[in-house]
file work-v5.tsv (TSV, C-alpha atoms)
chain	number	residue	atom	x	y	z
A	103	MET	CA	-12.35	-3.07	3.04
A	104	TYR	CA	-12.66	-5.43	5.98
A	105	ASP	CA	-14.87	-6.00	8.99
A	106	GLN	CA	-14.29	-3.75	11.99
A	107	SER	CA	-12.13	-6.19	13.93
A	108	LYS	CA	-9.74	-6.65	11.01
A	109	LEU	CA	-9.69	-2.92	10.30
A	110	SER	CA	-8.81	-2.21	13.92
A	111	GLU	CA	-6.03	-4.79	13.85
A	112	LEU	CA	-4.57	-3.40	10.62
A	113	ILE	CA	-4.63	0.16	11.92
A	114	ARG	CA	-2.92	-0.94	15.14
A	115	PHE	CA	-0.43	-2.91	13.07
A	116	ALA	CA	0.33	0.12	10.87
A	117	ARG	CA	0.87	2.35	13.92
A	118	VAL	CA	-1.17	5.23	12.54
A	119	ASP	CA	-1.98	7.64	15.36
A	120	ALA	CA	-3.22	11.16	15.95
A	121	GLY	CA	-0.70	13.60	14.52
A	122	SER	CA	0.87	11.06	12.12
A	123	THR	CA	1.86	11.89	8.57
A	124	VAL	CA	0.73	9.04	6.31
A	125	ILE	CA	1.30	8.40	2.61
A	126	ASP	CA	-1.45	6.22	1.13
A	127	VAL	CA	-0.04	4.88	-2.15
A	128	TYR	CA	-2.52	4.12	-4.94
A	129	PRO	CA	-5.59	4.96	-2.82
A	130	GLY	CA	-8.21	3.45	-5.15
A	131	ASP	CA	-11.65	4.51	-3.91
A	132	GLY	CA	-10.07	6.45	-1.07
A	133	ASP	CA	-11.38	4.27	1.75
A	134	TRP	CA	-8.03	4.08	3.50
A	135	THR	CA	-7.35	7.77	2.93
A	136	ARG	CA	-10.62	8.64	4.66
A	137	LEU	CA	-9.91	6.26	7.52
A	138	PHE	CA	-6.42	7.63	8.06
A	139	SER	CA	-7.74	11.19	7.82
A	140	ASP	CA	-10.10	10.49	10.71
A	141	ILE	CA	-7.35	8.89	12.80
A	142	VAL	CA	-4.56	11.44	12.34
A	143	ARG	CA	-6.96	14.30	13.16
A	144	PRO	CA	-6.30	17.96	12.26
A	145	ASP	CA	-2.70	17.87	13.48
A	146	GLY	CA	-1.85	14.99	11.13
A	147	ARG	CA	-1.53	14.76	7.38
A	148	VAL	CA	-2.54	12.20	4.75
A	149	PHE	CA	-1.04	12.28	1.28
A	150	SER	CA	-3.32	10.40	-1.09
A	151	PHE	CA	-0.66	9.48	-3.62
A	152	VAL	CA	-1.82	8.43	-7.10
A	153	PRO	CA	1.10	7.07	-9.13
A	154	ALA	CA	1.41	8.81	-12.50
A	155	GLU	CA	1.65	5.32	-13.96
A	156	VAL	CA	-2.10	4.86	-13.34
A	157	ALA	CA	-3.30	8.47	-13.50
A	158	HIS	CA	-4.65	7.95	-17.02
A	159	PHE	CA	-7.23	5.35	-15.94
A	160	LYS	CA	-10.76	6.12	-17.12
A	161	ASN	CA	-12.09	6.41	-13.57
A	162	ASP	CA	-9.91	9.54	-13.11
A	163	PRO	CA	-8.09	8.49	-9.92
A	164	VAL	CA	-6.41	11.86	-9.43
A	165	GLY	CA	-9.66	13.79	-9.84
A	166	ARG	CA	-11.43	11.46	-7.44
A	167	MET	CA	-8.83	12.02	-4.74
A	168	ARG	CA	-8.93	15.77	-5.26
A	169	THR	CA	-12.69	15.62	-4.79
A	170	LEU	CA	-12.20	13.53	-1.65
A	171	ALA	CA	-9.78	16.11	-0.26
A	172	MET	CA	-12.53	18.74	-0.60
A	173	GLU	CA	-15.02	16.78	1.50
A	174	PRO	CA	-15.99	18.38	4.83
A	175	GLY	CA	-13.45	17.57	7.51
A	176	ARG	CA	-10.73	16.51	5.06
A	177	ALA	CA	-8.47	19.54	5.35
A	178	ASN	CA	-5.71	17.18	6.46
A	179	VAL	CA	-5.80	15.32	3.13
A	180	GLU	CA	-3.73	16.29	0.10
A	181	ALA	CA	-4.20	14.54	-3.24
A	182	VAL	CA	-0.89	14.27	-5.10
A	183	SER	CA	0.43	12.49	-8.18
A	184	ALA	CA	3.89	11.80	-9.61
A	185	ASP	CA	5.91	8.91	-10.93
A	186	LEU	CA	6.33	6.29	-8.23
A	187	VAL	CA	10.03	6.92	-7.88
A	188	ALA	CA	9.37	10.69	-7.58
A	189	LEU	CA	7.40	10.17	-4.38
A	190	SER	CA	9.51	12.62	-2.43
A	191	GLU	CA	8.76	15.48	-4.81
A	192	VAL	CA	5.08	15.73	-3.85
A	193	THR	CA	5.01	14.50	-0.23
A	194	ARG	CA	6.54	15.37	3.13
A	195	PRO	CA	8.66	13.13	5.36
A	196	ALA	CA	6.22	10.55	6.73
A	197	ASP	CA	5.67	8.36	9.77
A	198	VAL	CA	3.87	5.66	7.78
A	199	LEU	CA	3.75	4.64	4.15
A	200	TRP	CA	0.77	2.38	3.45
A	201	LEU	CA	0.74	0.05	0.44
A	202	HIS	CA	-2.46	-1.99	0.19
A	203	LEU	CA	-2.70	-4.70	-2.51
A	204	PHE	CA	-0.29	-2.85	-4.78
A	205	TYR	CA	3.25	-4.06	-4.15
A	206	HIS	CA	2.89	-6.89	-6.67
A	207	ASP	CA	2.11	-4.31	-9.36
A	208	LEU	CA	5.71	-3.11	-9.12
A	209	HIS	CA	6.49	-6.27	-11.08
A	210	THR	CA	3.99	-5.65	-13.88
A	211	ALA	CA	4.52	-4.12	-17.31
A	212	LEU	CA	2.07	-1.26	-16.66
A	213	ILE	CA	4.02	0.09	-13.70
A	214	GLN	CA	7.46	-0.58	-15.15
A	215	ALA	CA	6.61	1.18	-18.44
A	216	ARG	CA	7.70	4.55	-17.00
A	217	GLY	CA	10.87	3.15	-15.50
A	218	ALA	CA	9.72	2.22	-12.01
A	219	THR	CA	11.10	-0.92	-10.40
A	220	ALA	CA	10.54	-2.46	-6.99
A	221	ALA	CA	14.13	-1.66	-6.02
A	222	ALA	CA	13.85	2.00	-7.05
A	223	PHE	CA	10.48	2.44	-5.34
A	224	ASN	CA	11.68	0.85	-2.11
A	225	ARG	CA	14.66	3.21	-2.07
A	226	ALA	CA	12.29	6.16	-2.60
A	227	VAL	CA	10.15	4.99	0.32
A	228	TYR	CA	13.22	4.64	2.53
A	229	GLU	CA	14.28	8.19	1.73
A	230	ARG	CA	10.80	9.59	2.37
A	231	LEU	CA	10.15	7.95	5.74
A	232	LYS	CA	11.33	9.53	8.97
A	233	PRO	CA	13.81	7.56	11.08
A	234	GLY	CA	11.74	4.93	12.87
A	235	GLY	CA	8.98	5.24	10.27
A	236	SER	CA	6.90	2.27	9.15
A	237	TYR	CA	6.56	0.84	5.65
A	238	VAL	CA	3.42	-1.31	5.75
A	239	ILE	CA	2.65	-3.72	2.92
A	240	VAL	CA	-0.50	-5.82	2.54
A	241	ASP	CA	-0.77	-8.02	-0.54
A	242	HIS	CA	-2.16	-11.18	-2.11
A	243	ALA	CA	0.06	-14.17	-1.38
A	244	ALA	CA	1.47	-16.35	-4.14
A	245	ALA	CA	2.49	-19.96	-3.66
A	246	VAL	CA	5.74	-20.80	-1.92
A	247	GLY	CA	8.49	-20.72	-4.52
A	248	ALA	CA	6.56	-18.54	-6.97
A	249	GLY	CA	8.61	-15.46	-6.20
A	250	THR	CA	7.42	-12.60	-8.41
A	251	SER	CA	6.41	-14.80	-11.36
A	252	ASP	CA	2.65	-14.56	-10.68
A	253	ALA	CA	2.54	-10.79	-10.28
A	254	GLN	CA	1.44	-10.10	-13.85
A	255	SER	CA	-0.80	-13.11	-14.40
A	256	LEU	CA	-2.47	-13.68	-11.01
A	257	HIS	CA	-1.72	-10.39	-9.23
A	258	ARG	CA	0.01	-12.29	-6.44
A	259	ILE	CA	3.50	-12.24	-4.98
A	260	GLU	CA	5.36	-14.53	-2.62
A	261	PRO	CA	5.81	-12.88	0.79
A	262	ALA	CA	9.45	-14.00	0.98
A	263	SER	CA	10.23	-12.07	-2.21
A	264	VAL	CA	8.69	-8.91	-0.80
A	265	ARG	CA	10.73	-9.23	2.36
A	266	GLU	CA	13.95	-9.80	0.43
A	267	GLU	CA	13.38	-6.80	-1.84
A	268	VAL	CA	12.38	-4.40	0.94
A	269	GLU	CA	15.22	-5.42	3.24
A	270	ALA	CA	17.63	-4.85	0.35
A	271	ALA	CA	16.65	-1.16	0.49
A	272	GLY	CA	17.77	-0.94	4.12
A	273	PHE	CA	14.54	-1.68	5.96
A	274	VAL	CA	14.24	-4.07	8.91
A	275	LEU	CA	11.23	-6.37	9.27
A	276	ASP	CA	9.51	-5.34	12.51
A	277	ALA	CA	6.31	-7.39	12.50
A	278	GLU	CA	4.07	-9.68	10.47
A	279	SER	CA	0.29	-10.10	10.77
A	280	THR	CA	-1.81	-13.10	9.76
A	281	VAL	CA	-5.13	-11.35	10.34
A	282	LEU	CA	-5.95	-11.65	6.61
A	283	ALA	CA	-4.62	-15.17	6.09
A	284	ASN	CA	-6.83	-17.73	4.33
A	285	LYS	CA	-5.54	-21.31	4.36
A	286	ASP	CA	-8.24	-22.32	1.87
A	287	ASP	CA	-6.78	-20.16	-0.90
A	288	SER	CA	-5.00	-22.39	-3.41
A	289	HIS	CA	-2.82	-19.47	-4.61
A	290	SER	CA	-3.33	-20.77	-8.16
A	291	ILE	CA	-6.08	-18.49	-9.48
A	292	LYS	CA	-6.30	-14.80	-10.28
A	293	VAL	CA	-7.35	-12.64	-7.35
A	294	PHE	CA	-10.31	-11.29	-9.35
A	295	ASP	CA	-11.81	-14.75	-9.88
A	296	PRO	CA	-15.31	-14.76	-8.33
A	297	SER	CA	-14.48	-17.86	-6.31
A	298	ILE	CA	-11.75	-16.07	-4.35
A	299	LYS	CA	-12.28	-12.32	-4.87
A	300	GLY	CA	-12.22	-10.53	-1.55
A	301	LYS	CA	-11.10	-13.69	0.25
A	302	THR	CA	-7.53	-14.20	-0.96
A	303	ASP	CA	-4.79	-15.26	1.39
A	304	ARG	CA	-3.14	-11.96	2.28
A	305	PHE	CA	0.02	-11.18	4.21
A	306	ALA	CA	0.92	-8.01	6.08
A	307	TYR	CA	4.46	-6.83	6.82
A	308	ARG	CA	5.64	-3.84	8.80
A	309	PHE	CA	9.16	-2.73	8.02
A	310	LEU	CA	11.06	-0.03	9.89
A	311	LYS	CA	13.53	2.58	8.77
A	312	ILE	CA	16.19	2.36	11.43
call {"tool": "encode", "arguments": {"input": "work-v5.tsv", "output": "structure tokens"}}
result
Amino acid sequence: MYDQSKLSELIRFARVDAGSTVIDVYPGDGDWTRLFSDIVRPDGRVFSFVPAEVAHFKNDPVGRMRTLAMEPGRANVEAVSADLVALSEVTRPADVLWLHLFYHDLHTALIQARGATAAAFNRAVYERLKPGGSYVIVDHAAAVGAGTSDAQSLHRIEPASVREEVEAAGFVLDAESTVLANKDDSHSIKVFDPSIKGKTDRFAYRFLKI
């Protein structure tokens, strides 16, 4: 997670408000799910969506989100899991789909092993969002010209490639944020390297379903 000023900017950027329905894809420790749960309040809904492609991980991501949904005050949270491209089968039409540091994984062998592709997932997101809904992507930036080639090795992706793929599904780029930019990131090392972990150059896009 980030300091309060960056969190506030990202929430504003994502346009998550009281009453919103949000899908938090690959929620990890559930930090964003909890945050969105507080913001959308009882009238809203947060789907903590664990892709089936990662449900087998030893840290039991599905079980952890089900436990989170049972925490006091989390009645507006529902933990769900399905193949990425079957998103619509376990969620409701949403105002916001939030994808934090995961888009690049759509280009890795682990995620593609069950048949998911970036194109298929983006189409699924388009179908699940309400008209005017926001598809918000935050990810680790790769070097200019790298395209998707560093997704597997460095867990990075070139922002221009993300934009091209998402727009191909029918979305329109609405806004870009540089709140997480880091000009000192060389883009040449893995995001888990101690020298850059937690400080990578990150981009944020908000796409709209028109």
call {"tool": "atom_distance", "arguments": {"input": "work-v5.tsv", "atom1": "CA of Val152 (chain A)", "atom2": "CA of Ile125 (chain A)"}}
result
10.2 Å
call {"tool": "closest_residue", "arguments": {"input": "work-v5.tsv", "among": "A:Gly249, A:Pro296, A:Gly235, A:Gly272", "to": "Ala116 (chain A)", "atoms": "all atoms listed in the file"}}
result
A:Gly235
call {"tool": "closest_residue", "arguments": {"input": "work-v5.tsv", "among": "A:Tyr205, A:Phe159, A:Trp134, A:Phe305", "to": "Met103 (chain A)", "atoms": "all atoms listed in the file"}}
result
A:Trp134
call {"tool": "axis_aligned_box", "arguments": {"input": "work-v5.tsv", "around": "region 200-212 of chain A", "padding_each_side": "4 Å", "output": "JSON"}}
result
{"center_x": 1.9, "center_y": -2.3, "center_z": -6.9, "size_x": 17.2, "size_y": 17.3, "size_z": 28.8}
call {"tool": "residues_around", "arguments": {"input": "work-v5.tsv", "residues": "Leu203 (chain A)", "least_positions_apart": "3", "cutoff": "9 Å", "atoms": "only C-alpha atoms", "output": "PDB file with C-alpha atoms, in the coordinates of the input"}}
result
ATOM      1  CA  HIS A 206       2.890  -6.890  -6.670  1.00  0.00           C
ATOM      2  CA  ASP A 207       2.110  -4.310  -9.360  1.00  0.00           C
ATOM      3  CA  ILE A 239       2.650  -3.720   2.920  1.00  0.00           C
ATOM      4  CA  VAL A 240      -0.500  -5.820   2.540  1.00  0.00           C
ATOM      5  CA  ASP A 241      -0.770  -8.020  -0.540  1.00  0.00           C
ATOM      6  CA  HIS A 242      -2.160 -11.180  -2.110  1.00  0.00           C
ATOM      7  CA  HIS A 257      -1.720 -10.390  -9.230  1.00  0.00           C
ATOM      8  CA  ARG A 258       0.010 -12.290  -6.440  1.00  0.00           C
ATOM      9  CA  ARG A 304      -3.140 -11.960   2.280  1.00  0.00           C
TER      10      ARG A 304
END
call {"tool": "closest_residue", "arguments": {"input": "work-v5.tsv", "among": "A:Ser150, A:Thr193, A:Thr250, A:Asn161", "to": "Leu208 (chain A)", "atoms": "all atoms listed in the file"}}
result
A:Thr250
call {"tool": "closest_residue", "arguments": {"input": "work-v5.tsv", "among": "A:Ala171, A:Val264, A:Leu256, A:Leu186", "to": "Val227 (chain A)", "atoms": "all atoms listed in the file"}}
result
A:Leu186
call {"tool": "residues_around", "arguments": {"input": "work-v5.tsv", "residues": "Glu260 (chain A)", "least_positions_apart": "2", "cutoff": "6 Å", "atoms": "only C-alpha atoms", "output": "compact mmCIF listing (two decimals) with C-alpha atoms, keeping the file's coordinate frame"}}
result
# COMPACT_ATOMS: atom_id res chain seq x y z
CA ALA A 243 0.06 -14.17 -1.38
CA ALA A 244 1.47 -16.35 -4.14
CA GLY A 249 8.61 -15.46 -6.20
CA ALA A 262 9.45 -14.00 0.98
CA SER A 263 10.23 -12.07 -2.21
call {"tool": "atom_distance", "arguments": {"input": "work-v5.tsv", "atom1": "CA of Arg168 (chain A)", "atom2": "CA of Leu199 (chain A)"}}
result
19.3 Å
call {"tool": "atom_distance", "arguments": {"input": "work-v5.tsv", "atom1": "CA of His202 (chain A)", "atom2": "CA of Thr135 (chain A)"}}
result
11.3 Å
call {"tool": "closest_residue", "arguments": {"input": "work-v5.tsv", "among": "A:Asp185, A:Met172, A:Lys160, A:Tyr128", "to": "Thr219 (chain A)", "atoms": "only C-alpha atoms"}}
result
A:Asp185
call {"tool": "residues_around", "arguments": {"input": "work-v5.tsv", "residues": "Phe149 (chain A)", "least_positions_apart": "3", "cutoff": "6 Å", "atoms": "all atoms listed in the file", "output": "list in words"}}
result
Ile125, Val179, Glu180 and Ala181 of chain A
call {"tool": "closest_residue", "arguments": {"input": "work-v5.tsv", "among": "A:Gly132, A:Glu173, A:Ile141, A:Pro195", "to": "Ser110 (chain A)", "atoms": "all atoms listed in the file"}}
result
A:Ile141
call {"tool": "residues_near_point", "arguments": {"input": "work-v5.tsv", "point": "(-1.9, -12.8, -15.1)", "cutoff": "10 Å", "atoms": "all atoms listed in the file", "output": "compact mmCIF listing (two decimals) with C-alpha atoms, keeping the file's coordinate frame"}}
result
# COMPACT_ATOMS: atom_id res chain seq x y z
CA THR A 210 3.99 -5.65 -13.88
CA SER A 251 6.41 -14.80 -11.36
CA ASP A 252 2.65 -14.56 -10.68
CA ALA A 253 2.54 -10.79 -10.28
CA GLN A 254 1.44 -10.10 -13.85
CA SER A 255 -0.80 -13.11 -14.40
CA LEU A 256 -2.47 -13.68 -11.01
CA HIS A 257 -1.72 -10.39 -9.23
CA ARG A 258 0.01 -12.29 -6.44
CA ILE A 291 -6.08 -18.49 -9.48
CA LYS A 292 -6.30 -14.80 -10.28
CA VAL A 293 -7.35 -12.64 -7.35
call {"tool": "residues_around", "arguments": {"input": "work-v5.tsv", "residues": "Gly130 (chain A)", "least_positions_apart": "3", "cutoff": "9 Å", "atoms": "all atoms listed in the file", "output": "list in words"}}
result
Val127, Asp133, Trp134, Val152, Pro163, Arg166 and Met167 of chain A
call {"tool": "build_atoms", "arguments": {"input": "work-v5.tsv", "residues": "region 176-187 of chain A", "atoms": "all heavy atoms", "output": "short mmCIF file (atom, residue, chain, number, x, y, z; two decimals), keeping the file's coordinate frame"}}
result
data_model
loop_
_atom_site.label_atom_id
_atom_site.label_comp_id
_atom_site.auth_asym_id
_atom_site.auth_seq_id
_atom_site.Cartn_x
_atom_site.Cartn_y
_atom_site.Cartn_z
N ARG A 176 -11.91 17.14 5.67
CA ARG A 176 -10.73 16.51 5.06
C ARG A 176 -9.61 17.52 4.77
O ARG A 176 -8.80 17.31 3.88
CB ARG A 176 -11.12 15.83 3.74
CG ARG A 176 -12.18 14.78 3.86
CD ARG A 176 -11.71 13.57 4.64
NE ARG A 176 -12.77 12.58 4.78
CZ ARG A 176 -12.90 11.75 5.80
NH1 ARG A 176 -12.02 11.79 6.79
NH2 ARG A 176 -13.88 10.89 5.86
N ALA A 177 -9.52 18.55 5.56
CA ALA A 177 -8.47 19.54 5.35
C ALA A 177 -7.08 18.95 5.55
O ALA A 177 -6.08 19.54 5.09
CB ALA A 177 -8.67 20.73 6.28
N ASN A 178 -7.01 17.81 6.23
CA ASN A 178 -5.71 17.18 6.46
C ASN A 178 -5.30 16.23 5.35
O ASN A 178 -4.30 15.53 5.45
CB ASN A 178 -5.69 16.45 7.81
CG ASN A 178 -6.75 15.35 7.90
OD1 ASN A 178 -7.49 15.10 6.95
ND2 ASN A 178 -6.82 14.69 9.05
N VAL A 179 -6.09 16.19 4.27
CA VAL A 179 -5.80 15.32 3.13
C VAL A 179 -5.28 16.14 1.95
O VAL A 179 -5.84 17.20 1.64
CB VAL A 179 -7.05 14.53 2.68
CG1 VAL A 179 -6.77 13.76 1.38
CG2 VAL A 179 -7.49 13.58 3.78
N GLU A 180 -4.24 15.65 1.32
CA GLU A 180 -3.73 16.29 0.10
C GLU A 180 -3.60 15.24 -0.98
O GLU A 180 -2.92 14.23 -0.80
CB GLU A 180 -2.38 16.96 0.36
CG GLU A 180 -1.85 17.71 -0.86
CD GLU A 180 -0.58 18.50 -0.56
OE1 GLU A 180 -0.24 18.65 0.63
OE2 GLU A 180 0.07 18.95 -1.53
N ALA A 181 -4.28 15.45 -2.10
CA ALA A 181 -4.20 14.54 -3.24
C ALA A 181 -3.00 14.94 -4.09
O ALA A 181 -2.87 16.10 -4.49
CB ALA A 181 -5.48 14.60 -4.06
N VAL A 182 -2.10 13.98 -4.34
CA VAL A 182 -0.89 14.27 -5.10
C VAL A 182 -0.65 13.16 -6.12
O VAL A 182 -1.15 12.05 -5.98
CB VAL A 182 0.34 14.41 -4.18
CG1 VAL A 182 0.20 15.60 -3.26
CG2 VAL A 182 0.56 13.14 -3.37
N SER A 183 0.11 13.48 -7.16
CA SER A 183 0.43 12.49 -8.18
C SER A 183 1.81 12.78 -8.77
O SER A 183 2.16 13.94 -9.00
CB SER A 183 -0.62 12.49 -9.29
OG SER A 183 -0.36 11.48 -10.24
N ALA A 184 2.57 11.72 -8.98
CA ALA A 184 3.89 11.80 -9.61
C ALA A 184 4.29 10.38 -9.96
O ALA A 184 3.64 9.42 -9.56
CB ALA A 184 4.91 12.44 -8.67
N ASP A 185 5.37 10.25 -10.71
CA ASP A 185 5.91 8.91 -10.93
C ASP A 185 6.22 8.28 -9.57
O ASP A 185 6.59 8.98 -8.62
CB ASP A 185 7.20 8.98 -11.75
CG ASP A 185 6.94 9.30 -13.22
OD1 ASP A 185 5.77 9.30 -13.64
OD2 ASP A 185 7.92 9.56 -13.94
N LEU A 186 6.10 6.97 -9.50
CA LEU A 186 6.33 6.29 -8.23
C LEU A 186 7.68 6.64 -7.61
O LEU A 186 7.77 6.88 -6.40
CB LEU A 186 6.24 4.77 -8.43
CG LEU A 186 4.82 4.19 -8.40
CD1 LEU A 186 4.83 2.77 -8.96
CD2 LEU A 186 4.27 4.20 -6.98
N VAL A 187 8.70 6.66 -8.43
CA VAL A 187 10.03 6.92 -7.88
C VAL A 187 10.26 8.39 -7.55
O VAL A 187 11.28 8.75 -6.97
CB VAL A 187 11.13 6.42 -8.84
CG1 VAL A 187 11.08 4.90 -8.96
CG2 VAL A 187 11.01 7.07 -10.21
#
